[in-house]
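Content type mmCIF, C-alpha atoms and all ligand atoms, from the file input.cif:
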```
data_protein
loop_
_atom_site.group_PDB
_atom_site.id
_atom_site.type_symbol
_atom_site.label_atom_id
_atom_site.label_comp_id
_atom_site.auth_asym_id
_atom_site.auth_seq_id
_atom_site.Cartn_x
_atom_site.Cartn_y
_atom_site.Cartn_z
ATOM 1 C CA MET M 1 -11.710 -24.904 7.719
ATOM 2 C CA THR M 2 -12.846 -21.961 9.798
ATOM 3 C CA GLU M 3 -11.171 -18.563 10.207
ATOM 4 C CA GLN M 4 -8.544 -19.972 12.538
ATOM 5 C CA THR M 5 -6.444 -23.051 11.954
ATOM 6 C CA ALA M 6 -7.278 -26.022 14.114
ATOM 7 C CA GLN M 7 -3.748 -26.290 15.518
ATOM 8 C CA ASN M 8 -3.360 -22.810 16.961
ATOM 9 C CA ASN M 9 -4.996 -19.422 17.362
ATOM 10 C CA ARG M 10 -3.501 -17.879 14.266
ATOM 11 C CA PRO M 11 -5.763 -16.826 11.398
ATOM 12 C CA ALA M 12 -5.432 -19.080 8.346
ATOM 13 C CA ARG M 13 -3.811 -17.715 5.207
ATOM 14 C CA LEU M 14 -6.163 -17.389 2.243
ATOM 15 C CA THR M 15 -5.756 -20.015 -0.449
ATOM 16 C CA ASP M 16 -4.612 -18.742 -3.867
ATOM 17 C CA ALA M 17 -8.172 -19.245 -5.154
ATOM 18 C CA ALA M 18 -9.688 -17.271 -2.254
ATOM 19 C CA ARG M 19 -7.133 -14.480 -2.768
ATOM 20 C CA ASP M 20 -7.942 -14.296 -6.503
ATOM 21 C CA ALA M 21 -11.687 -14.227 -5.766
ATOM 22 C CA LEU M 22 -11.145 -11.407 -3.272
ATOM 23 C CA LEU M 23 -9.192 -9.345 -5.797
ATOM 24 C CA ALA M 24 -11.924 -9.900 -8.394
ATOM 25 C CA GLU M 25 -14.467 -8.646 -5.841
ATOM 26 C CA LEU M 26 -12.396 -5.538 -5.007
ATOM 27 C CA PRO M 27 -11.434 -3.709 -8.220
ATOM 28 C CA ARG M 28 -9.810 -0.837 -6.310
ATOM 29 C CA TRP M 29 -7.288 -3.166 -4.630
ATOM 30 C CA THR M 30 -4.145 -4.782 -6.021
ATOM 31 C CA LEU M 31 -1.876 -7.517 -4.787
ATOM 32 C CA ARG M 32 1.499 -6.339 -3.453
ATOM 33 C CA ALA M 33 4.465 -7.616 -5.455
ATOM 34 C CA ASP M 34 5.324 -10.220 -2.800
ATOM 35 C CA GLY M 35 1.747 -11.551 -2.807
ATOM 36 C CA LEU M 36 1.382 -11.136 0.964
ATOM 37 C CA ALA M 37 -0.782 -8.000 1.101
ATOM 38 C CA ILE M 38 -3.393 -5.982 -0.779
ATOM 39 C CA GLU M 39 -3.013 -2.262 -1.385
ATOM 40 C CA THR M 40 -5.022 0.719 -2.537
ATOM 41 C CA GLU M 41 -4.812 4.499 -2.730
ATOM 42 C CA LEU M 42 -7.929 6.534 -1.990
ATOM 43 C CA LYS M 43 -8.541 10.222 -2.742
ATOM 44 C CA PHE M 44 -10.993 12.332 -0.753
ATOM 45 C CA ALA M 45 -12.375 15.838 -1.194
ATOM 46 C CA ASP M 46 -10.030 17.250 1.437
ATOM 47 C CA PHE M 47 -8.221 16.389 4.683
ATOM 48 C CA ASN M 48 -11.418 16.515 6.706
ATOM 49 C CA ALA M 49 -13.006 13.797 4.557
ATOM 50 C CA ALA M 50 -9.830 11.702 4.549
ATOM 51 C CA PHE M 51 -9.449 11.874 8.305
ATOM 52 C CA GLY M 52 -13.150 11.147 8.833
ATOM 53 C CA PHE M 53 -12.679 7.981 6.781
ATOM 54 C CA MET M 54 -9.563 7.079 8.772
ATOM 55 C CA THR M 55 -11.481 7.548 12.010
ATOM 56 C CA ARG M 56 -14.173 5.103 10.898
ATOM 57 C CA VAL M 57 -11.519 2.574 9.867
ATOM 58 C CA ALA M 58 -9.644 3.102 13.155
ATOM 59 C CA LEU M 59 -12.776 2.308 15.189
ATOM 60 C CA TYR M 60 -13.308 -0.849 13.131
ATOM 61 C CA ALA M 61 -9.632 -1.813 13.545
ATOM 62 C CA ASP M 62 -9.810 -1.374 17.301
ATOM 63 C CA LYS M 63 -12.944 -3.499 17.585
ATOM 64 C CA ALA M 64 -11.629 -6.196 15.230
ATOM 65 C CA ASP M 65 -8.098 -6.134 16.702
ATOM 66 C CA HIS M 66 -6.873 -5.960 13.121
ATOM 67 C CA HIS M 67 -4.956 -2.904 11.971
ATOM 68 C CA PRO M 68 -4.139 -1.412 8.586
ATOM 69 C CA GLU M 69 -0.769 -0.079 7.507
ATOM 70 C CA TRP M 70 -1.531 3.342 6.098
ATOM 71 C CA PHE M 71 -0.096 6.625 4.979
ATOM 72 C CA ASN M 72 -1.947 9.914 4.722
ATOM 73 C CA VAL M 73 -1.058 13.202 3.051
ATOM 74 C CA TYR M 74 -3.864 15.784 2.967
ATOM 75 C CA ASN M 75 -6.676 14.123 0.945
ATOM 76 C CA THR M 76 -4.845 10.902 0.020
ATOM 77 C CA VAL M 77 -4.843 7.692 2.054
ATOM 78 C CA ARG M 78 -2.685 4.739 1.025
ATOM 79 C CA LEU M 79 -3.607 1.449 2.667
ATOM 80 C CA THR M 80 -1.912 -1.913 2.945
ATOM 81 C CA LEU M 81 -3.775 -4.853 4.446
ATOM 82 C CA THR M 82 -1.959 -7.953 5.612
ATOM 83 C CA THR M 83 -2.145 -10.285 8.598
ATOM 84 C CA HIS M 84 1.108 -10.458 10.497
ATOM 85 C CA ASP M 85 -0.068 -13.503 12.444
ATOM 86 C CA ALA M 86 -0.690 -15.353 9.156
ATOM 87 C CA LYS M 87 2.387 -13.974 7.353
ATOM 88 C CA GLY M 88 0.088 -13.073 4.471
ATOM 89 C CA LEU M 89 -3.553 -12.449 3.647
ATOM 90 C CA SER M 90 -6.374 -13.802 5.794
ATOM 91 C CA GLU M 91 -10.141 -13.414 6.087
ATOM 92 C CA ARG M 92 -9.433 -10.507 8.460
ATOM 93 C CA ASP M 93 -7.992 -8.520 5.552
ATOM 94 C CA ALA M 94 -10.961 -9.474 3.385
ATOM 95 C CA ALA M 95 -13.375 -8.300 6.100
ATOM 96 C CA MET M 96 -11.519 -5.024 6.556
ATOM 97 C CA ALA M 97 -11.373 -4.352 2.803
ATOM 98 C CA ARG M 98 -15.122 -4.988 2.545
ATOM 99 C CA PHE M 99 -15.749 -2.641 5.462
ATOM 100 C CA ILE M 100 -13.603 0.031 3.785
ATOM 101 C CA GLU M 101 -15.509 -0.351 0.520
ATOM 102 C CA GLY M 102 -18.697 0.273 2.506
ATOM 103 C CA VAL M 103 -17.531 3.569 4.019
ATOM 104 C CA VAL M 104 -15.367 5.062 1.265
HETATM 105 C C1 LIG H 201 -2.139 -9.569 19.830
HETATM 106 C C2 LIG H 201 -3.001 -9.031 18.730
HETATM 107 O O1 LIG H 201 -4.162 -9.812 18.581
HETATM 108 C C3 LIG H 201 -2.268 -9.050 17.423
HETATM 109 O O2 LIG H 201 -1.027 -8.391 17.513
HETATM 110 C C4 LIG H 201 -3.100 -8.469 16.287
HETATM 111 C C5 LIG H 201 -3.240 -6.964 16.314
HETATM 112 N N1 LIG H 201 -3.495 -6.392 15.002
HETATM 113 C C6 LIG H 201 -3.111 -7.018 13.884
HETATM 114 N N2 LIG H 201 -3.213 -6.413 12.714
HETATM 115 C C7 LIG H 201 -2.781 -6.994 11.600
HETATM 116 N N3 LIG H 201 -2.887 -6.362 10.440
HETATM 117 N N4 LIG H 201 -2.260 -8.225 11.623
HETATM 118 C C8 LIG H 201 -2.121 -8.923 12.757
HETATM 119 O O3 LIG H 201 -1.622 -10.050 12.727
HETATM 120 C C9 LIG H 201 -2.571 -8.329 13.949
HETATM 121 N N5 LIG H 201 -2.499 -8.946 15.087
#
```
Render the structure in this file as structure tokens.
Ligand SMILES: C[C@H](O)[C@H](O)[C@H]1CNC2=NC(N)=NC(=O)C2=N1
Amino acid sequence: MTEQTAQNNRPARLTDAARDALLAELPRWTLRADGLAIETELKFADFNAAFGFMTRVALYADKADHHPEWFNVYNTVRLTLTTHDAKGLSERDAAMARFIEGVV
């Protein structure tokens, strides 16, 4: 099965095995209590570094048409990744988390 289900244009939800493999690959990320999202909290040197990171993620999000839920105070950025169209985790969240791990 490809990124999208055959029946519609919605991204497919990750299988439990794919979700577990993703979490094993991403030690900084944890599964939200409801199992429908992954979360992390990142600390930067200061606001400038945090906002620079957010800018890089924002440009990725715009290009990918996939957007994080996030919260920033000074040097801290909390992120939640989920796919509304899949009502849970999809490959889009995996791709975004991998991108984030490359720029953090
Ligand atoms: C119409 C547009 O493609 C959708 O609303 C996109 C935009 N960004 C999105 N971001 C996230 N995180 N999940 C989505 O399902 C989603 N859908």
Exercise. Exactly which residues make up the result of the PyMOL selection byres (((chain M and resi 75) around 10) and not hetatm) on this file, given as a ChimeraX atom specification?
Worked result: /M:42-51,72-74,76-77
Please write as a tab-separated table (two decimals) with C-alpha atoms, in the coordinates of the input the full residue list that the PyMOL selection byres (((chain M and resi 93) around 10) and not hetatm) yields on this file.
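And here is the file that came out, expr08.tsv:
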```
chain	number	residue	atom	x	y	z
M	14	LEU	CA	-6.16	-17.39	2.24
M	22	LEU	CA	-11.14	-11.41	-3.27
M	37	ALA	CA	-0.78	-8.00	1.10
M	38	ILE	CA	-3.39	-5.98	-0.78
M	66	HIS	CA	-6.87	-5.96	13.12
M	67	HIS	CA	-4.96	-2.90	11.97
M	68	PRO	CA	-4.14	-1.41	8.59
M	80	THR	CA	-1.91	-1.91	2.94
M	81	LEU	CA	-3.78	-4.85	4.45
M	82	THR	CA	-1.96	-7.95	5.61
M	83	THR	CA	-2.14	-10.28	8.60
M	88	GLY	CA	0.09	-13.07	4.47
M	89	LEU	CA	-3.55	-12.45	3.65
M	90	SER	CA	-6.37	-13.80	5.79
M	91	GLU	CA	-10.14	-13.41	6.09
M	92	ARG	CA	-9.43	-10.51	8.46
M	94	ALA	CA	-10.96	-9.47	3.38
M	95	ALA	CA	-13.38	-8.30	6.10
M	96	MET	CA	-11.52	-5.02	6.56
M	97	ALA	CA	-11.37	-4.35	2.80
M	98	ARG	CA	-15.12	-4.99	2.54
M	99	PHE	CA	-15.75	-2.64	5.46
```
For this session: Report the distance between atom C7 of ligand LIG 201 (chain H) and atom CA of M:Trp70 in Å, rounded to one decimal place.
Result: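 Interatomic distance here is 11.8 Å.
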For this session: Name the residues captured by the PyMOL selection byres (((chain M and resi 20) around 12) and not hetatm) when it is applied to the shown file; answer as an MDAnalysis selection string.
Result: chainID M and resid 14:19 21:27 29:31 35 38 89 94
Exercise. With distances taken over only C-alpha atoms, which of M:Glu69, M:Val57, M:Ala33, M:Asp85 is nearest to M:Asn8?
Worked result: M:Asp85
